[in-house]
Structures are given as C-alpha cells and as structure tokens.
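Worksheet for the structure shown next.
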Amino acid sequence: MMRNRFPEPMRPALVFALLLCLLLAFDGALFIDGLARRKAEYATLAQLAVVTSGLGLTDLAVATEARYTRHPAVSDPVAPFMDHPGAIEHFPTGAFWLPPSR
Amino acid sequence: MLIELSGVSKIYNQGRANEVRALSDIDLGVEQGSMVCLKGPSGSGKSTLLAIIGCIFPPTSGRAAIAERQLARLPDRFLTLHRRETIGFIFQRFNILPELTVLENITLPLLPLGVPPKERRQRAQELLARFAISHRARFPAGQISGGELQRVAIARALINNQPIILADEPTAHLDTALSREFMEIMQQLKEAGKTIVIASHDPLVFEHPAIDRTVTIQDGRIHVP
Amino acid sequence: MAQRNLEKQLNILDYALSSLWRRRLKSLSVLLVFAAVIFLLASFQMVTKALSDKAREVLVHTPEITLQKMSVGRQEAIPLAYRDRLAGIFGIRRVVPRIWGYYFDEVRLANYTVMGMAVEEMPDGARLDTALASGTMPGPAGQGLVAIGQSIKKALALEGRTTFSLFRPDLSLKAFEVSGEFSPDTDILTNDLVVMNLADARDLFAIPAGLVTDLCVYVANPQEIDTIAKKISETMPSVRVLTRPQIQKTYQVVFGWRSGFGSICLLTALAAFVILAWDKASGLSPEERREIAILKVLGWQTSDILVVRFWESVIVSGLACVVGMTAAYIHVVYFAASLFRPVLMGWSVLRPDLHLLPRLAAGDILLTLAFTVIPYLAATVIPAWRSATVPADSALGG
C-alpha cells in the first residue's frame with residue numbers, strides 16, 4: 001500500500017536514456033532515408049557523368065558569376081588570386097556585397 | 001565512549017597573518033546513547049568543535065576519536081567516508097535545498113553510497129511515515145511549513161542510520177512550540193539509542209530534562225564554573 | 001562492489017539530470033545556443049563536403065587536356081589551325097574545338113554560359129540526349145537550335161514558347177529555337193547552359209572564322225596525359241595547357257579555401273560561446289556554494305561533486321551536438337542548405353536547385369565533436385575544481 005501512495009517515477013537517467021534513444025532512432029530514420037536518396041543520387045550521377053564528358057564541363061553551376069570557376073576558358077591565370085597572387089578570392093562570386101544596382 | 005576528544009586544539013590558517021586559534025585543549029567524552037549540549041555564545045568555538053566531532057576536519061593537535069576512529073592525519077577523502085557512516089547532521093536553518101522535493105532532500109546522503117532508487121524511496125518512506133510527513137514527499141522543500149521542514153531535516157540525519165546525531169543551533173529560528181517538538185523528537189531518538197550532540201545557547205534546549213550534560217565553551221575552552 | 005559503484009554513478013547522473021531540470025530554462029537556453037552554433041558549423045561543413053564530393057565525382061569526366069592561347073598574359077581566341085600542329089604529336093586521339101563563354105543578359109542581369117561545339121565529337125556526346133528532359137541536342141546542321149538549362153528557361157520565360165533572341169556584340173538580334181531542355185536532375189551542371197553548334201556560337205559572339213576559345217584534347221592512353229601535355233606546351237609555347245588533374249586539384253583547393261574561410265568565421269562564434277561558458281562556469285553563485293557545502297557535509301566526496309558538474313556538461317554538450325548535427329543534416333539535405341545559399345552562391349542570378357547529400361564519415365562527426373564538445377567540457381569542468389575549495393563547514397552556521 002505504501003507503494004501506491006508513491007507511484008514510482010522513472011529515474012531521470014532512464015528518462016534521459018529514452019530521450020537519447022528517441023533522438024538516435026530519428027537519426028537512424030534519417031540515415032535510412034539517406035540511403036534511399038543515395039540510391040537516387042547514383043542514378044543522376046550517371047546522367048551527370050554523361051553531361052560532363054559530353055560537354056567537357058569543368059565546374060559545377062553553383063557560382064555562375066564567378067570570374068574563375070565556370071570554365072577556365074573565360075578566366076585568366078591570376079583570376080582566382082584577385083589582387084595578389086596569394087589572395088584567393090574568398091567566395092566564388094567575389095564578395096559579400098551585391099554589385100551596385102543601376 | 002563513542003566520542004572521545006583529548007587535548008584537542010584547532011588553529012585556522014596556521015602560520016599565516018590571519019591565524020586564528022578557535023579551540024584549545026578540549027577534553028570531552030560522550031557515551032553512546034547520551035545527549036550532550038554544547039553551550040556558548042557565538043564565536044566561542046562551538047561550531048568548530050561540532051565540525052571536529054562531525055569529522056568535517058581533523059583537529060590541529062590532540063586526539064579525536066569518533067566511533068573508534070582516530071581523525072588526526074586522516075585524509076579528507078576518508079574523513080568523508082567515515083562521516084557518512086557515522087554522523088547525521090541537522091543544520092541551523094536546516095540547510096534544506098528548497099528546489100528539491102522532500103524525498104530528494106532526505107535521500108541526498110544515499111546517492112554517493114550507491115543506494116538504488118527503490119531502496120532509497122523505501123528508506124525515506126519509513127522515515128516520512130515515522131515523522132507523519134508522508135503526504136509531503138513530492139513537495140518541493142521550499143514550499144512546506146517550518147515544522148515539516150524541521151522533521152525533514154531530522155529524517156535526513158537518520159537516513160543512513162548513523163549512530164551519532166549532531167545539531168547546530170537547531171532551534172535558533174524556531175518558535176517555542178517547534179523548539180519543544182524538536183527536543184521531544186531528540187528525546188525519542190536518544191531513547192532509541194542514538195548519541196546526540198546539540199550546539200545551542202537556547203535554554204529550551206540545555207534545560208531540557210533529556211540533556212545528560214551541558215558543556216559550556218568560552219573562548220575556545222571548556223568553561224568550568 | 002561493482003554493482004554499487006555503477007549504482008552510485010547512476011545516482012550521480014540522476015542528480016545531475018534533476019539539477020539541470022530544476023534550472024530548465026537556463027539549461028535549455030544554453031543547450032539551444034550551443035546547438036545553434038554546432039548547427040551552423042556542421043551545416044557549413046556538410047554543404048562544402050557535399051559540394052566538393054560532387055565536384056570530385058563529376059570532374060573525373062572533364063576533358064583530359066584543354067588548350068587556350070595566351071597573349072599579353074591573357075587568354076584569347078585560339079586558331080583552329082593549331083589542330084594541324086597537334087597532329088604531329090603521337091598519342092592524341094581526338095581534338096574538339098569549342099567556343100565557350102559568358103553571355104551577359106542585360107535585361108535579367110544574369111550570366112548565361114554559352115557553349116558552341118560539335119557535341120557528337122565529344123566522348124559520350126551521342127548519349128547526351130539521355131540527360132535531356134525533353135527534345136534533342138542541336139546537331140551540326142540545325143541552324144539556331146539550342147539546348148538550355150532549367151534556369152535559362154526560367155530567366156527567358158520560355159514556358160510554352162520555344163524561340164528567343166540574344167544580342168550579338170553589334171546589338172543585332174540572333175534568333176534561337178529550343179530543341180532540347182536539360183533535365184532538372186543535372187541542374188548542378190547544366191543550370192546556366194545554352195548549348196549550340198559551333199557556327200551559331202561564332203555568329204552570336206562575332207568570332208572570326210578559324211578561331212575558337214579553346215581546344216579539348218583527348219589522348220589514347222589516359223596514363224599519358226601529363227606526358228602529352230608537356231609535349232604540347234613544348235611544341236606550342238604560347239598555349240596554356242590545362243590537364244584534368246590540374247583542374248581537379250585547383251577546384252579542390254578553391255573549395256578547401258572557401259570552406260576553411262567559412263569554418264574560421266564560425267569557429268569564432270564557437271570560441272565566443274566557449275568563453276561565455278567558461279565565464280559562467282568559473283563563478284560560483286552563493287546558492288551553488290551553499291549546495292556544494294551541504295552535499296559535502298552530507299558525505300559527498302569532492303570528486304562526486306565534480307562528477308555531477310561533468311555529467312551536466314556532458315549532457316548539455318552531447319545533446320546540443322546531437323540536436324545541432326541532426327538539424328544541420330536536415331537543413332542541408334531537406335532544405336538544400338537554404339541558410340548558406342547566399343554565402344555559397346553570392347549574387348549569382350541563376351541558381352540551381354541543389355540536391356545535396358553529404359557523405360558523413362565517422363571522422364567528420366568526430367571532428368565536429370572535437371571542435372565543439374571538448375572545448376565546452378574543458379571550459380565548464382576545469383573551473384568546477386573551484387567547488388573543491390568550498391569548505392564543508394561553511395554549511396554550519398556561526
């Protein structure tokens with residue numbers, strides 16, 4: 001009867017372990033989804049390979065305004081080094097700031 | 001003798017500019033099952049004496065044997081081990097952690113002993129039932145009344161079934177009724193075989209019939225009238 | 001004994017958890033701020049890793065050797081006649097001339113990448129149709145036909161329409177018809193492309209006959225790329241010779257630099273957080289001092305109290321790490337790193353839809369752990385030694 005008066009709460013360490021398990025299970029689900037995505041990515045990777053070799057591409061189309069990335073044909077040898085041969089451009093598109101608007 | 005002090009002195013900050021001599025040449029013996037009151041104004045060295053009996057620190061010189069263990073030169077770690085087996089503390093203002101529940105407060109001494117939660121709860125429940133505060137077990141200690149708080153503090157001092165109970169000015173912040181109740185409980189504990197040392201300058205305490213002996217401390221020495 | 005010891009550690013863990021819970025508002029805010037810092041750091045790491053991995057995988061197929069003519073330290077059009085001089089070098093399998101450049105659309109303020117080449121001469125050129133969402137690649141005969149990427153279609157508002165015009169340098173208009181459209185799946189490469197045949201590109205950019213921008217050279221034996229590149233540059237000193245390994249290496253270096261730069265910025269945030277944590281942990285409030293003194297008198301060893309501190313820090317930083325990294329992964333994979341798009345893409349007008357899938361190795365996770373959890377632990381547990389200086393007798397009054 002004593003026990004009834006004090007319903008036994010779970011010990012905090014156990015609650016924490018359960019929480020951690022829940023988080024890790026969620027991460028596991030993400031991982032499984034990641035595997036499926038990886039599979040899909042392999043399919044597109046074949047397409048990307050065809051595009052790269054078929055067009056002779058040399059860069060990702062991520063920073064399209066960069067002076068030196070998209071293709072070496074439109075760059076000169078010092079372009080990636082901007083003002084000084086040692087100063088590599090921080091970001092492919094040149095700066096944090098937008099170009100002046102017209 | 002459960003508590004045996006002979007020639008005990010305590011000097012704080014020995015060898016430094018702020019050296020303070022808190023106790024000199026104390027001889028004191030307390031039999032098992034007796035109740036002793038340490039009386040004296042604040043700053044008399046009462047608390048220091050209580051700390052030595054309570055195995056919080058060893059004396060600077062002299063011999064102190066608590067429950068048949070010599071404290072001198074005992075490293076801090078072993079003092080702690082010895083303390084938690086032998087001494088139950090009741091503090092001035094009870095020193096309860098207000099955010100913890102009553103149950104958590106009472107079982108604090110059991111945590112480092114590796115007592116599992118179930119056993120902890122059982123032991124606490126027995127004490128709570130004994131002091132008629134079972135209904136407060138899940139309350140934050142900051143929300144219960146002064147009388148209940150006092151009983152919680154006593155329960156905490158008993159949780160590990162320690163043979164010695166030390167109380168430091170337990171009635172200093174209590175009204176007369178609660179002080180009386182406190183002494184009644186102490187008397188019961190004494191009758192149950194506990195050895196009790198109370199530091200107090202409250203007449204309600206040192207004039208209580210259950211007190212076997214009153215020791216007056218003055219300027220760090222035992223005062224013999 | 002071992003059982004007791006384990007139970008003791010669990011008890012102390014319980015105590016640490018309940019004391020975190022008691023200060024839940026404070027603990028939660030520390031956890032969230034820390035998780036946010038880890039989130040930024042890990043997101044950035046994952047984005048750059050996913051991108052550079054992708055680049056590495058894809059750039060395996062770049063032309064083996066690219067030739068450009070250099071004059072006055074700048075790149076300029078290369079005469080087609082150079083092909084004849086290459087003919088003398090043994091081991092060259094194929095030379096494909098290209099006109100490749102940017103077309104700046106003044107209306108939409110976007111750069112289009114225009115490629116004029118005979119795609120059927122390229123390796124895999126015949127299979128390019130498989131990468132199209134619809135239509136076919138423009139052939140050598142098809143006048144004014146182009147294959148375009150998704151962003152070009154969007155920029156030119158070509159929905160339901162297949163013709164558009166671009167300006168020649170003299171501002172006369174040249175009409176084009178869309179014959180094919182690259183699949184959105186290949187956006188990361190084809191997003192900004194306008195592919196046409198050599199003649200159309202020459203017409204659009206008004207490049208004189210007999211000149212192209214570069215020559216792609218393919219060799220018979222890929223092992224000999226460097227040898228043949230060397231031979232070419234000896235034969236034609238005015239020509240810049242770019243080899244596939246060079247391009248790959250440069251690209252990875254640039255990526256490494258970019259991610260390094262970003263990481264340093266973010267590590268500053270982390271350092272600030274750790275300093276804050278240190279500052280907070282190194283001062284003991286009166287309540288904390290009181291709690292420590294009480295615990296000590298009640299039989300807790302100083303080491304037990306330190307273990308409580310340790311657990312509190314491990315729990316906060318460990319949870320922050322798991323939450324932060326999970327959020328970072330979701331951000332990168334499911335939201336295409338939308339927070340970092342401006343940083344990654346700058347003011348690019350044409351932006352591909354990114355499908356990023358970082359490949360997380362145990363090493364990367366450990367690295368993030370080492371840069372976040374360990375400094376936090378050091379900053380919070382080391383000052384906890386101060387709790388050892390709280391004398392137990394301070395719990396006794398007067």
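Please note that chains go A, B, ... in the order of the structure tokens, that every chain numbers its residues from 1, and that ligands are numbered from 1 in the order shown.
The shell of residues at most 12 Å from C:Trp21, with only C-alpha atoms counted and near chain neighbours (fewer than 3 positions) removed, consists of Pro12, Ala13, Val15 and Phe16 of chain A; Glu99 and Leu100 of chain B; Asp14, Tyr15, Ala16, Leu17, Ser18, Arg24, Leu25, Lys26, Ser27, Leu28, Glu312, Ile315 and Val316 of chain C.
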Limited to N, CA and C atoms, could you put the picked residues into a file as a PDB file, in the first residue's frame?
```pdb
ATOM      1  N   PRO A  12      15.539   9.635 -13.520  1.00  0.00           N
ATOM      2  CA  PRO A  12      15.910  10.595 -14.561  1.00  0.00           C
ATOM      3  C   PRO A  12      16.875  10.012 -15.593  1.00  0.00           C
ATOM      4  N   ALA A  13      17.796   9.169 -15.125  1.00  0.00           N
ATOM      5  CA  ALA A  13      18.773   8.607 -16.056  1.00  0.00           C
ATOM      6  C   ALA A  13      18.069   7.790 -17.136  1.00  0.00           C
ATOM      7  N   VAL A  15      14.874   8.228 -18.132  1.00  0.00           N
ATOM      8  CA  VAL A  15      14.158   9.161 -19.000  1.00  0.00           C
ATOM      9  C   VAL A  15      15.113   9.736 -20.033  1.00  0.00           C
ATOM     10  N   PHE A  16      16.293  10.101 -19.540  1.00  0.00           N
ATOM     11  CA  PHE A  16      17.292  10.687 -20.440  1.00  0.00           C
ATOM     12  C   PHE A  16      17.727   9.675 -21.497  1.00  0.00           C
TER      13      PHE A  16
ATOM     14  N   GLU B  99      14.729  23.722  -3.865  1.00  0.00           N
ATOM     15  CA  GLU B  99      14.144  23.323  -5.154  1.00  0.00           C
ATOM     16  C   GLU B  99      13.932  21.819  -5.240  1.00  0.00           C
ATOM     17  N   LEU B 100      14.641  21.074  -4.385  1.00  0.00           N
ATOM     18  CA  LEU B 100      14.469  19.625  -4.397  1.00  0.00           C
ATOM     19  C   LEU B 100      13.205  19.247  -3.641  1.00  0.00           C
TER      20      LEU B 100
ATOM     21  N   ASP C  14      21.591  10.840 -12.138  1.00  0.00           N
ATOM     22  CA  ASP C  14      20.230  11.262 -11.808  1.00  0.00           C
ATOM     23  C   ASP C  14      20.239  12.655 -11.209  1.00  0.00           C
ATOM     24  N   TYR C  15      21.167  12.844 -10.265  1.00  0.00           N
ATOM     25  CA  TYR C  15      21.220  14.133  -9.581  1.00  0.00           C
ATOM     26  C   TYR C  15      21.547  15.247 -10.580  1.00  0.00           C
ATOM     27  N   ALA C  16      22.522  14.955 -11.462  1.00  0.00           N
ATOM     28  CA  ALA C  16      22.903  15.958 -12.464  1.00  0.00           C
ATOM     29  C   ALA C  16      21.709  16.291 -13.349  1.00  0.00           C
ATOM     30  N   LEU C  17      20.982  15.261 -13.775  1.00  0.00           N
ATOM     31  CA  LEU C  17      19.823  15.492 -14.642  1.00  0.00           C
ATOM     32  C   LEU C  17      18.753  16.293 -13.918  1.00  0.00           C
ATOM     33  N   SER C  18      18.512  15.923 -12.642  1.00  0.00           N
ATOM     34  CA  SER C  18      17.436  16.648 -11.971  1.00  0.00           C
ATOM     35  C   SER C  18      17.871  18.069 -11.663  1.00  0.00           C
ATOM     36  N   ARG C  24      15.720  24.435 -15.670  1.00  0.00           N
ATOM     37  CA  ARG C  24      15.486  24.030 -17.052  1.00  0.00           C
ATOM     38  C   ARG C  24      15.524  25.190 -18.040  1.00  0.00           C
ATOM     39  N   LEU C  25      15.088  26.359 -17.593  1.00  0.00           N
ATOM     40  CA  LEU C  25      15.083  27.490 -18.521  1.00  0.00           C
ATOM     41  C   LEU C  25      16.507  27.843 -18.931  1.00  0.00           C
ATOM     42  N   LYS C  26      17.365  27.885 -17.923  1.00  0.00           N
ATOM     43  CA  LYS C  26      18.758  28.231 -18.173  1.00  0.00           C
ATOM     44  C   LYS C  26      19.435  27.123 -18.978  1.00  0.00           C
ATOM     45  N   SER C  27      19.230  25.876 -18.549  1.00  0.00           N
ATOM     46  CA  SER C  27      19.873  24.765 -19.247  1.00  0.00           C
ATOM     47  C   SER C  27      19.429  24.721 -20.697  1.00  0.00           C
ATOM     48  N   LEU C  28      18.126  24.930 -20.893  1.00  0.00           N
ATOM     49  CA  LEU C  28      17.589  24.825 -22.247  1.00  0.00           C
ATOM     50  C   LEU C  28      18.153  25.930 -23.128  1.00  0.00           C
ATOM     51  N   GLU C 312      26.659  17.154 -16.048  1.00  0.00           N
ATOM     52  CA  GLU C 312      25.840  18.266 -16.542  1.00  0.00           C
ATOM     53  C   GLU C 312      26.391  18.776 -17.864  1.00  0.00           C
ATOM     54  N   ILE C 315      25.974  16.171 -20.673  1.00  0.00           N
ATOM     55  CA  ILE C 315      24.585  16.065 -21.125  1.00  0.00           C
ATOM     56  C   ILE C 315      24.244  17.263 -22.017  1.00  0.00           C
ATOM     57  N   VAL C 316      24.574  18.465 -21.534  1.00  0.00           N
ATOM     58  CA  VAL C 316      24.237  19.654 -22.315  1.00  0.00           C
ATOM     59  C   VAL C 316      24.962  19.643 -23.653  1.00  0.00           C
TER      60      VAL C 316
END
```
> Could you write out as a VMD selection string the residues of chain B within 10 Å of chain C, counting only C-alpha atoms?
Replying inline: chain B and resid 41 to 48 50 to 52 54 to 57 76 to 85 87 to 97 99 to 100 104 108 to 117 156 to 157 167 to 169
>> Can you work out which residues from chain C touch chain A at a cut-off of 7 Å (counting only C-alpha atoms) and hand them back as an MDAnalysis selection string?
In response: chainID C and resid 10 13:14 17:18 55 58:59 61:63 68 74:75 100:101 111 119 122:125 127:128 131 185:186 188:192 213:214 258 326 345:348 350:352
Mind dumping the selected residues with N, CA and C atoms as a compact mmCIF listing (two decimals), in the first residue's frame?
```
# COMPACT_ATOMS: atom_id res chain seq x y z
N LEU C 10 25.08 6.08 -11.48
CA LEU C 10 23.73 6.35 -11.98
C LEU C 10 23.02 7.36 -11.09
N LEU C 13 24.36 10.66 -11.86
CA LEU C 13 23.79 11.09 -13.14
C LEU C 13 22.35 11.58 -12.94
N ASP C 14 21.59 10.84 -12.14
CA ASP C 14 20.23 11.26 -11.81
C ASP C 14 20.24 12.65 -11.21
N LEU C 17 20.98 15.26 -13.78
CA LEU C 17 19.82 15.49 -14.64
C LEU C 17 18.75 16.29 -13.92
N SER C 18 18.51 15.92 -12.64
CA SER C 18 17.44 16.65 -11.97
C SER C 18 17.87 18.07 -11.66
N ALA C 55 31.71 17.62 -56.83
CA ALA C 55 32.63 18.15 -57.82
C ALA C 55 33.68 17.10 -58.16
N VAL C 58 32.19 14.39 -60.32
CA VAL C 58 31.79 14.82 -61.64
C VAL C 58 32.99 15.22 -62.49
N LEU C 59 33.96 15.84 -61.85
CA LEU C 59 35.10 16.36 -62.63
C LEU C 59 36.03 15.26 -63.12
N HIS C 61 35.27 13.46 -65.29
CA HIS C 61 34.97 13.35 -66.72
C HIS C 61 35.30 14.62 -67.50
N THR C 62 36.00 15.56 -66.88
CA THR C 62 36.35 16.78 -67.64
C THR C 62 37.32 16.41 -68.75
N PRO C 63 37.44 17.30 -69.77
CA PRO C 63 38.36 16.98 -70.88
C PRO C 63 39.76 16.71 -70.34
N GLN C 68 44.40 26.63 -74.42
CA GLN C 68 43.99 28.01 -74.63
C GLN C 68 45.20 28.79 -75.08
N ARG C 74 46.97 37.21 -71.09
CA ARG C 74 45.53 36.95 -71.03
C ARG C 74 45.17 35.86 -72.03
N GLN C 75 44.01 35.33 -71.78
CA GLN C 75 43.57 34.27 -72.67
C GLN C 75 42.85 34.90 -73.85
N TRP C 100 33.35 28.84 -75.94
CA TRP C 100 32.71 28.75 -74.64
C TRP C 100 32.88 30.10 -73.97
N GLY C 101 31.77 30.67 -73.58
CA GLY C 101 31.90 31.97 -72.93
C GLY C 101 30.65 32.36 -72.19
N ASN C 111 24.22 35.97 -66.04
CA ASN C 111 25.24 35.42 -66.92
C ASN C 111 24.80 34.06 -67.42
N VAL C 119 28.85 18.57 -80.38
CA VAL C 119 28.77 17.64 -79.26
C VAL C 119 28.98 16.19 -79.68
N MET C 122 32.35 14.77 -79.06
CA MET C 122 32.83 14.58 -77.69
C MET C 122 32.60 13.13 -77.25
N PRO C 123 33.42 12.66 -76.30
CA PRO C 123 33.11 11.34 -75.74
C PRO C 123 31.75 11.43 -75.06
N ASP C 124 30.97 10.42 -75.18
CA ASP C 124 29.62 10.39 -74.62
C ASP C 124 28.69 11.40 -75.28
N GLY C 125 29.15 12.11 -76.29
CA GLY C 125 28.33 13.13 -76.92
C GLY C 125 27.05 12.54 -77.48
N ARG C 127 25.40 10.23 -76.24
CA ARG C 127 24.46 9.84 -75.18
C ARG C 127 23.86 11.05 -74.46
N LEU C 128 24.24 12.26 -74.93
CA LEU C 128 23.76 13.45 -74.24
C LEU C 128 22.25 13.55 -74.21
N ALA C 131 20.41 12.85 -71.07
CA ALA C 131 20.40 13.80 -69.96
C ALA C 131 19.38 14.91 -70.18
N ASP C 185 17.46 17.20 -63.00
CA ASP C 185 18.38 16.39 -62.20
C ASP C 185 19.83 16.80 -62.41
N THR C 186 20.13 17.35 -63.58
CA THR C 186 21.52 17.71 -63.86
C THR C 186 21.74 19.20 -63.64
N ILE C 188 22.83 20.96 -61.37
CA ILE C 188 24.06 21.40 -60.74
C ILE C 188 25.17 21.61 -61.77
N LEU C 189 25.00 21.03 -62.96
CA LEU C 189 25.97 21.24 -64.03
C LEU C 189 25.41 22.06 -65.19
N THR C 190 24.14 21.87 -65.48
CA THR C 190 23.60 22.41 -66.74
C THR C 190 22.69 23.60 -66.54
N ASN C 191 22.52 24.00 -65.30
CA ASN C 191 21.56 25.04 -64.96
C ASN C 191 21.65 26.29 -65.84
N ASP C 192 22.86 26.75 -66.09
CA ASP C 192 23.03 28.04 -66.78
C ASP C 192 23.53 27.86 -68.21
N THR C 213 37.52 29.39 -78.76
CA THR C 213 38.08 29.80 -77.46
C THR C 213 39.06 28.77 -76.92
N ASP C 214 38.74 27.51 -77.13
CA ASP C 214 39.67 26.51 -76.63
C ASP C 214 39.54 25.20 -77.40
N ARG C 258 37.52 27.97 -49.50
CA ARG C 258 36.21 28.53 -49.18
C ARG C 258 35.69 27.97 -47.87
N THR C 326 21.91 16.93 -36.16
CA THR C 326 20.72 16.43 -36.83
C THR C 326 20.04 17.57 -37.59
N MET C 345 26.54 31.03 -53.08
CA MET C 345 26.26 31.41 -54.46
C MET C 345 26.42 32.90 -54.69
N GLY C 346 26.65 33.63 -53.60
CA GLY C 346 26.88 35.05 -53.76
C GLY C 346 25.72 35.69 -54.49
N TRP C 347 26.02 36.61 -55.38
CA TRP C 347 24.94 37.27 -56.08
C TRP C 347 24.69 36.64 -57.44
N SER C 348 24.97 35.36 -57.54
CA SER C 348 24.60 34.68 -58.76
C SER C 348 23.11 34.87 -59.00
N LEU C 350 21.44 33.13 -61.54
CA LEU C 350 20.90 31.81 -61.86
C LEU C 350 21.35 30.84 -60.79
N ARG C 351 20.39 30.32 -60.08
CA ARG C 351 20.77 29.42 -59.00
C ARG C 351 20.17 28.05 -59.23
N PRO C 352 21.00 27.04 -59.20
CA PRO C 352 20.46 25.70 -59.39
C PRO C 352 19.73 25.24 -58.14
```
> In stretch 57-164 of chain B, what's strand (DSSP E or B) per DSSP? Answer as a ChimeraX atom specification?
Replying inline: /B:61-66,69-70,87-90,101,140,164
With N, CA and C atoms retained, could you export that selection as a PDB file, in the first residue's frame?
```pdb
ATOM      1  N   SER B  61      45.815  19.754  16.674  1.00  0.00           N
ATOM      2  CA  SER B  61      46.598  18.891  17.556  1.00  0.00           C
ATOM      3  C   SER B  61      45.665  18.236  18.555  1.00  0.00           C
ATOM      4  N   GLY B  62      46.150  17.235  19.243  1.00  0.00           N
ATOM      5  CA  GLY B  62      45.310  16.496  20.171  1.00  0.00           C
ATOM      6  C   GLY B  62      44.733  15.263  19.495  1.00  0.00           C
ATOM      7  N   ARG B  63      44.010  14.468  20.288  1.00  0.00           N
ATOM      8  CA  ARG B  63      43.465  13.225  19.749  1.00  0.00           C
ATOM      9  C   ARG B  63      41.949  13.308  19.709  1.00  0.00           C
ATOM     10  N   ALA B  64      41.392  12.979  18.575  1.00  0.00           N
ATOM     11  CA  ALA B  64      39.944  12.933  18.462  1.00  0.00           C
ATOM     12  C   ALA B  64      39.569  11.582  17.894  1.00  0.00           C
ATOM     13  N   ALA B  65      38.802  10.825  18.654  1.00  0.00           N
ATOM     14  CA  ALA B  65      38.350   9.530  18.158  1.00  0.00           C
ATOM     15  C   ALA B  65      36.835   9.557  18.095  1.00  0.00           C
ATOM     16  N   ILE B  66      36.299   9.398  16.900  1.00  0.00           N
ATOM     17  CA  ILE B  66      34.853   9.383  16.715  1.00  0.00           C
ATOM     18  C   ILE B  66      34.484   7.978  16.248  1.00  0.00           C
ATOM     19  N   ARG B  69      37.461   5.789  15.640  1.00  0.00           N
ATOM     20  CA  ARG B  69      38.385   6.059  14.548  1.00  0.00           C
ATOM     21  C   ARG B  69      39.119   7.348  14.846  1.00  0.00           C
ATOM     22  N   GLN B  70      40.447   7.289  14.834  1.00  0.00           N
ATOM     23  CA  GLN B  70      41.247   8.484  15.079  1.00  0.00           C
ATOM     24  C   GLN B  70      41.181   9.410  13.868  1.00  0.00           C
ATOM     25  N   ILE B  87      27.831  10.004  11.097  1.00  0.00           N
ATOM     26  CA  ILE B  87      27.264  11.260  11.578  1.00  0.00           C
ATOM     27  C   ILE B  87      26.033  11.664  10.773  1.00  0.00           C
ATOM     28  N   GLY B  88      24.965  12.005  11.511  1.00  0.00           N
ATOM     29  CA  GLY B  88      23.818  12.639  10.880  1.00  0.00           C
ATOM     30  C   GLY B  88      23.776  14.091  11.303  1.00  0.00           C
ATOM     31  N   PHE B  89      23.679  15.006  10.308  1.00  0.00           N
ATOM     32  CA  PHE B  89      23.724  16.431  10.627  1.00  0.00           C
ATOM     33  C   PHE B  89      22.352  17.068  10.594  1.00  0.00           C
ATOM     34  N   ILE B  90      22.097  17.920  11.572  1.00  0.00           N
ATOM     35  CA  ILE B  90      20.930  18.805  11.492  1.00  0.00           C
ATOM     36  C   ILE B  90      21.475  20.224  11.606  1.00  0.00           C
ATOM     37  N   THR B 101      12.642  18.106  -3.986  1.00  0.00           N
ATOM     38  CA  THR B 101      11.472  17.658  -3.235  1.00  0.00           C
ATOM     39  C   THR B 101      11.939  17.158  -1.877  1.00  0.00           C
ATOM     40  N   PRO B 140       8.156  20.318  -3.263  1.00  0.00           N
ATOM     41  CA  PRO B 140       9.451  20.993  -3.180  1.00  0.00           C
ATOM     42  C   PRO B 140       9.659  21.444  -1.745  1.00  0.00           C
ATOM     43  N   ILE B 164      25.453   8.703  15.426  1.00  0.00           N
ATOM     44  CA  ILE B 164      25.605  10.000  16.092  1.00  0.00           C
ATOM     45  C   ILE B 164      24.790  11.052  15.351  1.00  0.00           C
TER      46      ILE B 164
END
```
If you take only C-alpha atoms and a cut-off of 10 Å, which residues of chain B touch chain A, and what are their nearest atom pairs and distances in Å to one decimal, in chain and number order, as a Markdown table?
```
| residue | atom | partner | partner_atom | distance |
| --- | --- | --- | --- | --- |
| B:Pro116 | CA | A:Arg11 | CA | 9.9 |
| B:Pro117 | CA | A:Arg11 | CA | 7.4 |
| B:Lys118 | CA | A:Glu8 | CA | 8.2 |
| B:Arg121 | CA | A:Phe6 | CA | 8.7 |
| B:Gln122 | CA | A:Arg3 | CA | 8.7 |
| B:Gln125 | CA | A:Met2 | CA | 7.9 |
| B:Glu126 | CA | A:Met2 | CA | 9.3 |
| B:Ala129 | CA | A:Met2 | CA | 9.7 |
| B:Ser134 | CA | A:Arg5 | CA | 8.7 |
| B:His135 | CA | A:Arg5 | CA | 8.6 |
| B:Ala137 | CA | A:Phe6 | CA | 8.3 |
| B:Arg138 | CA | A:Phe6 | CA | 8.6 |
```
>> Quick check, in Å to one decimal: how far apart do atom CA of C:Leu173 and atom CA of C:Leu204 lie?
In response: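 Straight-line distance from atom CA of C:Leu173 to atom CA of C:Leu204 works out to 8.7 Å.
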> Where in chain B does DSSP assign helix (DSSP H, G or I), given as a ChimeraX atom specification?
Replying inline: /B:46-53,76-86,102-113,117-130,134-136,141-143,146-158,176-191,203-206
>> Just checking: using only C-alpha atoms, which residue out of C:Lys230, C:Arg386, C:His355, C:Arg161 ends up closest to C:Ala281?
In response: C:Arg386
